[in-house]
>>> print(open('entry_22.txt').read())   # compact mmCIF, N, CA and C atoms and all ligand atoms
# COMPACT_ATOMS: atom_id res chain seq x y z
N MET U 2 66.67 79.86 123.27
CA MET U 2 68.07 80.29 123.37
C MET U 2 68.35 80.96 124.72
N SER U 3 67.57 81.98 125.00
CA SER U 3 67.66 82.53 126.35
C SER U 3 69.03 83.12 126.66
N ILE U 4 69.33 83.10 127.95
CA ILE U 4 70.65 83.55 128.38
C ILE U 4 71.53 82.30 128.38
N CYS U 5 72.58 82.32 127.58
CA CYS U 5 73.36 81.10 127.41
C CYS U 5 74.80 81.46 127.08
N GLN U 6 75.62 80.41 126.98
CA GLN U 6 77.01 80.63 126.60
C GLN U 6 77.18 80.30 125.13
N THR U 7 78.06 81.02 124.47
CA THR U 7 78.29 80.78 123.05
C THR U 7 78.83 79.36 122.87
N PRO U 8 78.27 78.61 121.93
CA PRO U 8 78.70 77.23 121.73
C PRO U 8 80.08 77.14 121.07
N ALA U 9 80.41 78.10 120.23
CA ALA U 9 81.69 78.05 119.52
C ALA U 9 82.59 79.16 120.04
N PRO U 10 83.89 78.97 119.97
CA PRO U 10 84.77 80.05 120.42
C PRO U 10 84.62 81.26 119.52
N CYS U 11 84.84 82.44 120.08
CA CYS U 11 84.92 83.63 119.25
C CYS U 11 86.32 84.20 119.42
N PHE U 12 86.59 85.30 118.78
CA PHE U 12 87.96 85.81 118.71
C PHE U 12 88.02 87.25 119.19
N GLU U 13 89.03 87.55 119.97
CA GLU U 13 89.16 88.89 120.54
C GLU U 13 90.61 89.34 120.46
N PHE U 14 90.83 90.64 120.77
CA PHE U 14 92.17 91.22 120.76
C PHE U 14 92.80 91.07 122.14
N ARG U 15 94.03 90.56 122.18
CA ARG U 15 94.77 90.53 123.45
C ARG U 15 96.17 91.00 123.20
N PRO U 16 96.75 91.89 124.01
CA PRO U 16 96.01 92.60 125.07
C PRO U 16 95.05 93.63 124.46
N VAL U 17 94.13 94.11 125.28
CA VAL U 17 93.18 95.13 124.81
C VAL U 17 93.98 96.37 124.40
N PRO U 18 93.87 96.80 123.15
CA PRO U 18 94.74 97.87 122.64
C PRO U 18 94.33 99.28 123.04
N TRP U 19 93.13 99.44 123.60
CA TRP U 19 92.71 100.80 123.93
C TRP U 19 93.44 101.28 125.17
N GLU U 20 93.89 102.53 125.11
CA GLU U 20 94.69 103.08 126.20
C GLU U 20 93.96 103.03 127.53
N SER U 21 92.72 103.51 127.50
CA SER U 21 91.96 103.53 128.73
C SER U 21 90.82 102.54 128.59
N ASP U 22 90.73 101.63 129.55
CA ASP U 22 89.65 100.66 129.51
C ASP U 22 88.78 100.84 130.76
N ASP U 23 88.68 102.11 131.17
CA ASP U 23 87.93 102.42 132.40
C ASP U 23 86.50 101.95 132.33
N ASP U 24 85.91 102.04 131.14
CA ASP U 24 84.51 101.65 131.04
C ASP U 24 84.35 100.14 130.88
N GLY U 25 85.47 99.43 130.93
CA GLY U 25 85.38 97.97 130.93
C GLY U 25 84.93 97.38 129.61
N LEU U 26 85.13 98.12 128.53
CA LEU U 26 84.68 97.61 127.25
C LEU U 26 85.45 96.38 126.82
N GLY U 27 86.71 96.34 127.17
CA GLY U 27 87.52 95.22 126.72
C GLY U 27 87.65 95.20 125.21
N SER U 28 87.76 94.01 124.68
CA SER U 28 87.92 93.86 123.24
C SER U 28 86.60 93.51 122.61
N PRO U 29 86.37 93.99 121.38
CA PRO U 29 85.21 93.45 120.65
C PRO U 29 85.45 91.97 120.36
N HIS U 30 84.37 91.23 120.15
CA HIS U 30 84.50 89.81 119.82
C HIS U 30 84.05 89.58 118.39
N TYR U 31 84.73 88.68 117.72
CA TYR U 31 84.42 88.39 116.32
C TYR U 31 84.12 86.91 116.17
N GLU U 32 83.27 86.60 115.18
CA GLU U 32 82.85 85.21 115.00
C GLU U 32 83.95 84.35 114.41
N THR U 33 84.80 84.95 113.61
CA THR U 33 85.87 84.17 112.99
C THR U 33 87.20 84.89 113.15
N ARG U 34 88.28 84.11 113.05
CA ARG U 34 89.61 84.70 113.14
C ARG U 34 89.83 85.68 111.99
N GLU U 35 89.27 85.36 110.82
CA GLU U 35 89.44 86.24 109.65
C GLU U 35 88.78 87.59 109.91
N ALA U 36 87.58 87.57 110.50
CA ALA U 36 86.88 88.83 110.77
C ALA U 36 87.67 89.67 111.76
N ALA U 37 88.26 89.01 112.76
CA ALA U 37 89.06 89.74 113.75
C ALA U 37 90.30 90.34 113.09
N GLU U 38 90.92 89.57 112.20
CA GLU U 38 92.12 90.08 111.52
C GLU U 38 91.79 91.28 110.63
N ARG U 39 90.67 91.18 109.94
CA ARG U 39 90.26 92.30 109.08
C ARG U 39 90.03 93.55 109.91
N ALA U 40 89.35 93.38 111.05
CA ALA U 40 89.07 94.54 111.91
C ALA U 40 90.37 95.11 112.46
N LEU U 41 91.27 94.23 112.85
CA LEU U 41 92.54 94.68 113.41
C LEU U 41 93.32 95.46 112.35
N ASP U 42 93.32 94.96 111.12
CA ASP U 42 93.98 95.69 110.03
C ASP U 42 93.39 97.08 109.89
N GLY U 43 92.06 97.16 110.00
CA GLY U 43 91.39 98.45 109.89
C GLY U 43 91.85 99.40 110.98
N TYR U 44 91.89 98.90 112.23
CA TYR U 44 92.33 99.75 113.34
C TYR U 44 93.77 100.19 113.14
N ARG U 45 94.62 99.28 112.67
CA ARG U 45 96.03 99.63 112.46
C ARG U 45 96.15 100.72 111.40
N GLY U 46 95.32 100.63 110.35
CA GLY U 46 95.35 101.66 109.32
C GLY U 46 94.89 103.00 109.86
N ASP U 47 93.83 102.97 110.69
CA ASP U 47 93.25 104.19 111.24
C ASP U 47 94.25 104.96 112.09
N CYS U 48 95.10 104.24 112.82
CA CYS U 48 95.94 104.93 113.80
C CYS U 48 97.41 104.93 113.38
N ALA U 49 97.67 104.71 112.09
CA ALA U 49 99.05 104.64 111.61
C ALA U 49 99.82 105.93 111.90
N SER U 50 99.09 107.06 111.95
CA SER U 50 99.78 108.34 112.16
C SER U 50 99.95 108.67 113.63
N GLU U 51 99.43 107.83 114.52
CA GLU U 51 99.58 108.08 115.95
C GLU U 51 100.47 106.99 116.53
N PRO U 52 101.76 107.34 116.77
CA PRO U 52 102.73 106.30 117.14
C PRO U 52 102.31 105.49 118.36
N GLU U 53 101.72 106.13 119.37
CA GLU U 53 101.38 105.39 120.58
C GLU U 53 100.31 104.34 120.33
N SER U 54 99.26 104.76 119.62
CA SER U 54 98.19 103.81 119.34
C SER U 54 98.69 102.73 118.39
N ALA U 55 99.52 103.14 117.42
CA ALA U 55 100.02 102.17 116.45
C ALA U 55 100.80 101.08 117.17
N ALA U 56 101.60 101.47 118.16
CA ALA U 56 102.39 100.48 118.91
C ALA U 56 101.47 99.55 119.68
N ALA U 57 100.41 100.10 120.25
CA ALA U 57 99.48 99.28 121.01
C ALA U 57 98.81 98.25 120.10
N PHE U 58 98.43 98.68 118.92
CA PHE U 58 97.78 97.73 118.01
C PHE U 58 98.77 96.73 117.44
N ASP U 59 100.04 97.15 117.30
CA ASP U 59 101.06 96.20 116.81
C ASP U 59 101.24 95.05 117.79
N ALA U 60 101.03 95.33 119.07
CA ALA U 60 101.26 94.30 120.09
C ALA U 60 100.09 93.32 120.20
N VAL U 61 98.99 93.63 119.52
CA VAL U 61 97.78 92.81 119.67
C VAL U 61 97.92 91.48 118.96
N GLU U 62 97.48 90.44 119.65
CA GLU U 62 97.32 89.14 119.00
C GLU U 62 95.85 88.75 119.07
N ILE U 63 95.46 87.93 118.13
CA ILE U 63 94.06 87.47 118.10
C ILE U 63 93.97 86.17 118.89
N ALA U 64 93.10 86.18 119.87
CA ALA U 64 93.01 85.03 120.77
C ALA U 64 91.58 84.51 120.80
N GLU U 65 91.44 83.22 121.08
CA GLU U 65 90.12 82.61 121.20
C GLU U 65 89.51 82.95 122.55
N ALA U 66 88.23 83.25 122.54
CA ALA U 66 87.49 83.42 123.79
C ALA U 66 86.44 82.33 123.83
N LEU U 67 86.38 81.63 124.96
CA LEU U 67 85.47 80.49 125.07
C LEU U 67 84.33 80.79 126.03
N GLY U 68 83.14 80.32 125.65
CA GLY U 68 82.03 80.37 126.58
C GLY U 68 81.60 81.77 126.99
N CYS U 69 81.54 82.72 126.06
CA CYS U 69 81.01 84.04 126.39
C CYS U 69 79.51 83.91 126.68
N TRP U 70 79.02 84.75 127.56
CA TRP U 70 77.59 84.76 127.87
C TRP U 70 76.88 85.75 126.97
N ILE U 71 75.75 85.31 126.41
CA ILE U 71 74.96 86.15 125.51
C ILE U 71 73.47 85.99 125.88
N ALA U 72 72.65 86.86 125.30
CA ALA U 72 71.20 86.70 125.46
C ALA U 72 70.57 86.74 124.08
N VAL U 73 69.65 85.80 123.84
CA VAL U 73 68.95 85.73 122.56
C VAL U 73 67.45 85.73 122.86
N CYS U 74 66.69 86.55 122.13
CA CYS U 74 65.26 86.70 122.40
C CYS U 74 64.53 85.37 122.30
N ASP U 75 63.68 85.09 123.30
CA ASP U 75 62.91 83.85 123.37
C ASP U 75 61.51 83.96 122.79
N HIS U 76 61.23 85.04 122.09
CA HIS U 76 59.89 85.19 121.50
C HIS U 76 59.53 83.94 120.71
N PRO U 77 58.33 83.36 120.98
CA PRO U 77 57.99 82.09 120.32
C PRO U 77 57.88 82.21 118.81
N GLY U 78 57.70 83.42 118.30
CA GLY U 78 57.64 83.60 116.85
C GLY U 78 58.98 83.43 116.16
N GLY U 79 60.03 83.22 116.96
CA GLY U 79 61.33 82.98 116.35
C GLY U 79 62.08 84.25 116.02
N CYS U 80 62.12 85.17 116.97
CA CYS U 80 62.80 86.45 116.76
C CYS U 80 64.32 86.25 116.71
N ASN U 81 64.85 85.58 117.77
CA ASN U 81 66.27 85.28 117.84
C ASN U 81 67.19 86.49 117.77
N ALA U 82 66.67 87.68 118.12
CA ALA U 82 67.54 88.86 118.19
C ALA U 82 68.57 88.63 119.29
N GLU U 83 69.78 89.10 119.05
CA GLU U 83 70.83 88.97 120.06
C GLU U 83 71.00 90.30 120.78
N LEU U 84 71.15 90.21 122.08
CA LEU U 84 71.36 91.41 122.89
C LEU U 84 72.68 92.07 122.50
N ALA U 85 72.64 93.41 122.33
CA ALA U 85 73.87 94.18 122.16
C ALA U 85 73.64 95.52 122.82
N ASP U 86 74.62 95.98 123.58
CA ASP U 86 74.46 97.24 124.27
C ASP U 86 74.38 98.40 123.27
N ASP U 87 73.38 99.27 123.45
CA ASP U 87 73.18 100.39 122.53
C ASP U 87 74.41 101.28 122.43
N GLU U 88 75.03 101.54 123.55
CA GLU U 88 76.13 102.51 123.56
C GLU U 88 77.46 101.91 123.16
N THR U 89 77.77 100.73 123.71
CA THR U 89 79.10 100.18 123.50
C THR U 89 79.14 99.11 122.42
N GLY U 90 77.97 98.58 122.07
CA GLY U 90 77.95 97.49 121.09
C GLY U 90 78.33 96.16 121.70
N ALA U 91 78.66 96.15 122.99
CA ALA U 91 79.07 94.90 123.62
C ALA U 91 77.93 93.88 123.59
N ALA U 92 78.24 92.66 123.21
CA ALA U 92 77.22 91.62 123.14
C ALA U 92 77.66 90.35 123.86
N HIS U 93 78.94 90.27 124.18
CA HIS U 93 79.48 89.09 124.85
C HIS U 93 79.95 89.48 126.24
N PHE U 94 79.63 88.63 127.22
CA PHE U 94 79.93 88.99 128.60
C PHE U 94 80.58 87.82 129.32
N ASP U 95 81.28 88.16 130.41
CA ASP U 95 82.01 87.13 131.16
C ASP U 95 81.10 86.30 132.06
N ALA U 96 79.98 86.86 132.46
CA ALA U 96 79.13 86.18 133.45
C ALA U 96 77.66 86.47 133.16
N PRO U 97 76.77 85.56 133.56
CA PRO U 97 75.34 85.80 133.32
C PRO U 97 74.83 87.07 134.01
N GLU U 98 75.43 87.41 135.17
CA GLU U 98 75.00 88.64 135.85
C GLU U 98 75.23 89.86 134.96
N ASP U 99 76.33 89.82 134.21
CA ASP U 99 76.65 90.95 133.34
C ASP U 99 75.64 91.05 132.18
N VAL U 100 75.21 89.88 131.69
CA VAL U 100 74.20 89.88 130.63
C VAL U 100 72.91 90.50 131.16
N ILE U 101 72.49 90.08 132.35
CA ILE U 101 71.23 90.56 132.92
C ILE U 101 71.30 92.07 133.17
N ALA U 102 72.47 92.55 133.62
CA ALA U 102 72.63 93.99 133.85
C ALA U 102 72.51 94.75 132.53
N CYS U 103 73.09 94.21 131.48
CA CYS U 103 73.03 94.87 130.17
C CYS U 103 71.61 94.84 129.62
N MET U 104 70.88 93.73 129.85
CA MET U 104 69.49 93.64 129.40
C MET U 104 68.66 94.74 130.04
N ALA U 105 68.90 94.97 131.33
CA ALA U 105 68.09 95.93 132.08
C ALA U 105 68.21 97.34 131.50
N VAL U 106 69.41 97.73 131.07
CA VAL U 106 69.57 99.09 130.57
C VAL U 106 69.25 99.21 129.09
N ASN U 107 68.95 98.10 128.43
CA ASN U 107 68.65 98.15 127.00
C ASN U 107 67.23 97.74 126.68
N GLY U 108 66.36 97.73 127.70
CA GLY U 108 64.95 97.49 127.46
C GLY U 108 64.57 96.03 127.30
N TRP U 109 65.48 95.13 127.61
CA TRP U 109 65.16 93.71 127.54
C TRP U 109 64.50 93.26 128.83
N THR U 110 63.72 92.19 128.74
CA THR U 110 63.08 91.63 129.92
C THR U 110 63.74 90.30 130.26
N HIS U 111 64.06 90.13 131.55
CA HIS U 111 64.62 88.88 132.03
C HIS U 111 63.60 88.19 132.91
N LEU U 112 63.25 86.96 132.57
CA LEU U 112 62.36 86.17 133.42
C LEU U 112 63.19 85.01 133.96
N ALA U 113 63.18 84.84 135.28
CA ALA U 113 63.94 83.76 135.88
C ALA U 113 63.42 82.43 135.34
N PRO U 114 64.27 81.42 135.17
CA PRO U 114 65.68 81.49 135.51
C PRO U 114 66.57 82.05 134.41
N GLY U 115 66.16 82.01 133.16
CA GLY U 115 67.09 82.50 132.16
C GLY U 115 66.44 82.85 130.84
N TRP U 116 65.17 83.25 130.91
CA TRP U 116 64.49 83.64 129.67
C TRP U 116 64.83 85.08 129.34
N ALA U 117 64.93 85.35 128.04
CA ALA U 117 65.28 86.70 127.59
C ALA U 117 64.29 87.15 126.52
N PHE U 118 63.84 88.40 126.62
CA PHE U 118 62.92 88.94 125.63
C PHE U 118 63.40 90.31 125.20
N CYS U 119 63.51 90.53 123.89
CA CYS U 119 64.02 91.79 123.36
C CYS U 119 62.96 92.87 123.55
N PRO U 120 63.33 94.15 123.36
CA PRO U 120 62.37 95.25 123.60
C PRO U 120 61.12 95.15 122.72
N ALA U 121 61.22 94.53 121.55
CA ALA U 121 60.07 94.42 120.65
C ALA U 121 59.12 93.31 121.10
N HIS U 122 59.56 92.44 121.99
CA HIS U 122 58.75 91.28 122.38
C HIS U 122 58.68 91.11 123.89
N PRO U 123 58.10 92.07 124.60
CA PRO U 123 57.95 91.85 126.04
C PRO U 123 57.04 90.64 126.27
N PRO U 124 57.36 89.78 127.21
CA PRO U 124 56.57 88.57 127.42
C PRO U 124 55.16 88.90 127.89
N GLU U 125 54.13 88.37 127.22
CA GLU U 125 52.74 88.71 127.55
C GLU U 125 52.35 88.19 128.92
N ASP U 126 52.82 87.02 129.26
CA ASP U 126 52.43 86.43 130.53
C ASP U 126 52.87 87.27 131.71
N ALA U 127 54.03 87.86 131.60
CA ALA U 127 54.58 88.63 132.72
C ALA U 127 53.71 89.85 133.00
N ASP U 128 53.31 90.57 131.94
CA ASP U 128 52.54 91.79 132.13
C ASP U 128 51.06 91.48 132.32
N GLY U 129 50.53 90.62 131.47
CA GLY U 129 49.10 90.37 131.40
C GLY U 129 48.50 89.97 132.73
N ASP U 130 49.06 88.95 133.37
CA ASP U 130 48.47 88.44 134.60
C ASP U 130 48.46 89.48 135.70
N ALA U 131 49.57 90.18 135.81
CA ALA U 131 49.70 91.15 136.89
C ALA U 131 48.73 92.31 136.70
N ALA U 132 48.42 92.63 135.44
CA ALA U 132 47.61 93.81 135.16
C ALA U 132 46.12 93.54 135.40
N GLN U 133 45.73 92.28 135.40
CA GLN U 133 44.31 91.97 135.55
C GLN U 133 43.87 92.27 136.98
N SER U 134 42.81 93.03 137.09
CA SER U 134 42.36 93.41 138.42
C SER U 134 41.45 92.32 138.99
N GLY U 135 41.20 92.41 140.27
CA GLY U 135 40.31 91.45 140.91
C GLY U 135 38.93 91.46 140.27
N ALA U 136 38.43 92.64 139.92
CA ALA U 136 37.09 92.75 139.34
C ALA U 136 37.01 92.00 138.03
N GLU U 137 38.07 92.12 137.24
CA GLU U 137 38.08 91.42 135.96
C GLU U 137 38.09 89.91 136.17
N LEU U 138 38.88 89.47 137.14
CA LEU U 138 38.93 88.04 137.43
C LEU U 138 37.57 87.54 137.90
N GLU U 139 36.91 88.38 138.72
CA GLU U 139 35.59 88.02 139.25
C GLU U 139 34.59 87.88 138.10
N ALA U 140 34.64 88.87 137.19
CA ALA U 140 33.73 88.86 136.05
C ALA U 140 33.96 87.61 135.20
N ALA U 141 35.20 87.17 135.16
CA ALA U 141 35.52 85.99 134.35
C ALA U 141 35.20 84.71 135.11
N GLY U 142 34.67 84.84 136.34
CA GLY U 142 34.29 83.67 137.11
C GLY U 142 35.47 82.96 137.76
N LEU U 143 36.58 83.66 137.83
CA LEU U 143 37.76 83.03 138.39
C LEU U 143 37.93 83.30 139.88
N LEU U 144 37.17 84.26 140.36
CA LEU U 144 37.35 84.65 141.75
C LEU U 144 35.97 84.84 142.38
N ALA U 145 35.63 84.05 143.38
CA ALA U 145 34.34 84.19 144.03
C ALA U 145 34.35 85.44 144.89
N PRO U 146 33.19 86.17 145.00
CA PRO U 146 33.16 87.36 145.86
C PRO U 146 33.47 86.95 147.30
N LEU U 147 34.19 87.83 147.99
CA LEU U 147 34.55 87.52 149.38
C LEU U 147 33.31 87.64 150.27
N PRO U 148 33.09 86.72 151.20
CA PRO U 148 31.96 86.88 152.15
C PRO U 148 32.21 88.10 153.04
N VAL U 149 31.15 88.81 153.36
CA VAL U 149 31.29 89.99 154.22
C VAL U 149 31.30 89.53 155.67
N MET U 150 32.35 89.88 156.40
CA MET U 150 32.48 89.43 157.78
C MET U 150 31.88 90.46 158.72
N ILE U 151 30.94 90.07 159.55
CA ILE U 151 30.37 91.00 160.55
C ILE U 151 30.84 90.56 161.93
N PRO U 152 31.58 91.38 162.59
CA PRO U 152 32.13 90.96 163.91
C PRO U 152 31.04 90.84 164.97
ZN ZN U 201 82.78 86.29 122.73
ZN ZN U 202 62.45 89.55 120.02
>>> encode(input="entry_22.txt", output="structure tokens")
Amino acid sequence: MSICQTPAPCFEFRPVPWESDDDGLGSPHYETREAAERALDGYRGDCASEPESAAAFDAVEIAEALGCWIAVCDHPGGCNAELADDETGAAHFDAPEDVIACMAVNGWTHLAPGWAFCPAHPPEDADGDAAQSGAELEAAGLLAPLPVMIP
């Protein structure tokens, strides 16, 4: 699965109803239009007593979002965990660079060109090879001793 684009459209709120979007959270994304409508109903109920927020949510329409970028764990055991930001819950991104940036702060490993590994499954090849010292390689017969050069 790796770093890829969602195959099916998902659903988001437009315009983004939050007053301040300084942190760039945007809208949450939902798998189905029904799920988005249910969530929107919930938000409308929550802020019914706050006229400003209520007006913002009244203006929201549910719109399709196509081709969001996501990351899914490539562990060969079939983990398939999906990346989601610990703090914001964001899991869908506009560009692969944004996915990679989110992976970095959430303990995921990115191996070029587009492999993704969740924090529970760091890729063995990436760490293992680098950690092996020359002496270990020599002991394993993989590295001949260097000839001593006498000037
Ligand atoms: Zn999405
Ligand atoms: Zn995993």
>>> residues_near_ligand(input="entry_22.txt", ligand="ligand ZN 202 (chain U)", cutoff="8 Å", atoms="only C-alpha atoms and all ligand atoms", output="list in words")
Val73, Cys74, Asp75, His76, Gly79, Cys80, Asn81, Ala82, Phe118, Cys119, Pro120, Ala121, His122 and Pro123 of chain U
>>> closest_residue(input="entry_22.txt", among="U:Ala60, U:Leu84, U:Ala105, U:Ala9", to="ligand ZN 201 (chain U)", atoms="all atoms listed in the file")
U:Ala9
>>> residues_around(input="entry_22.txt", residues="U:Ala64", least_positions_apart="3", cutoff="8 Å", atoms="only C-alpha atoms", output="MDAnalysis selection string")
chainID U and resid 12:15
>>> residues_near_ligand(input="entry_22.txt", ligand="ligand ZN 201 (chain U)", cutoff="7 Å", atoms="only C-alpha atoms and all ligand atoms", output="list of chain:residue names")
U:Pro10, U:Cys11, U:Phe12, U:His30, U:Tyr31, U:Ala66, U:Leu67, U:Cys69, U:His93
>>> closest_residue(input="entry_22.txt", among="U:Ala72, U:Val100, U:Asp86, U:Glu35", to="U:Ala117", atoms="only C-alpha atoms")
U:Ala72
>>> atom_distance(input="entry_22.txt", atom1="atom N of U:Tyr44", atom2="atom CA of U:Gly90")
16.6 Å
>>> closest_residue(input="entry_22.txt", among="U:Ile71, U:Ala36, U:Leu41, U:Val61", to="U:Asp99", atoms="only C-alpha atoms")
U:Ile71
>>> atom_distance(input="entry_22.txt", atom1="atom C of U:Trp116", atom2="atom C of U:Ile4")
7.3 Å
>>> atom_distance(input="entry_22.txt", atom1="atom N of U:Ala56", atom2="atom CA of U:Ser28")
16.5 Å
>>> closest_residue(input="entry_22.txt", among="U:Ala85, U:Ala57, U:Pro124, U:Asp95", to="U:Trp19", atoms="all atoms listed in the file")
U:Ala57
>>> residues_around(input="entry_22.txt", residues="stretch 52-54 of chain U", least_positions_apart="5", cutoff="9 Å", atoms="only C-alpha atoms", output="list in words")
Pro18, Trp19, Glu20, Arg45 and Asp59 of chain U
>>> closest_residue(input="entry_22.txt", among="U:Ile63, U:Asn107, U:Pro8, U:Ala91", to="U:Ala37", atoms="all atoms listed in the file")
U:Ile63
>>> select_by_dssp(input="entry_22.txt", residues="stretch 19-133 of chain U", states="alpha helix (DSSP H)", output="JSON, numbers by chain")
{"U": [34, 35, 36, 37, 38, 39, 40, 41, 42, 43, 44, 45, 46, 47, 52, 53, 54, 55, 56, 57, 58, 59, 97, 98, 99, 100, 101, 102, 103, 104, 105, 106, 125, 126, 127, 128, 129, 130, 131, 132]}
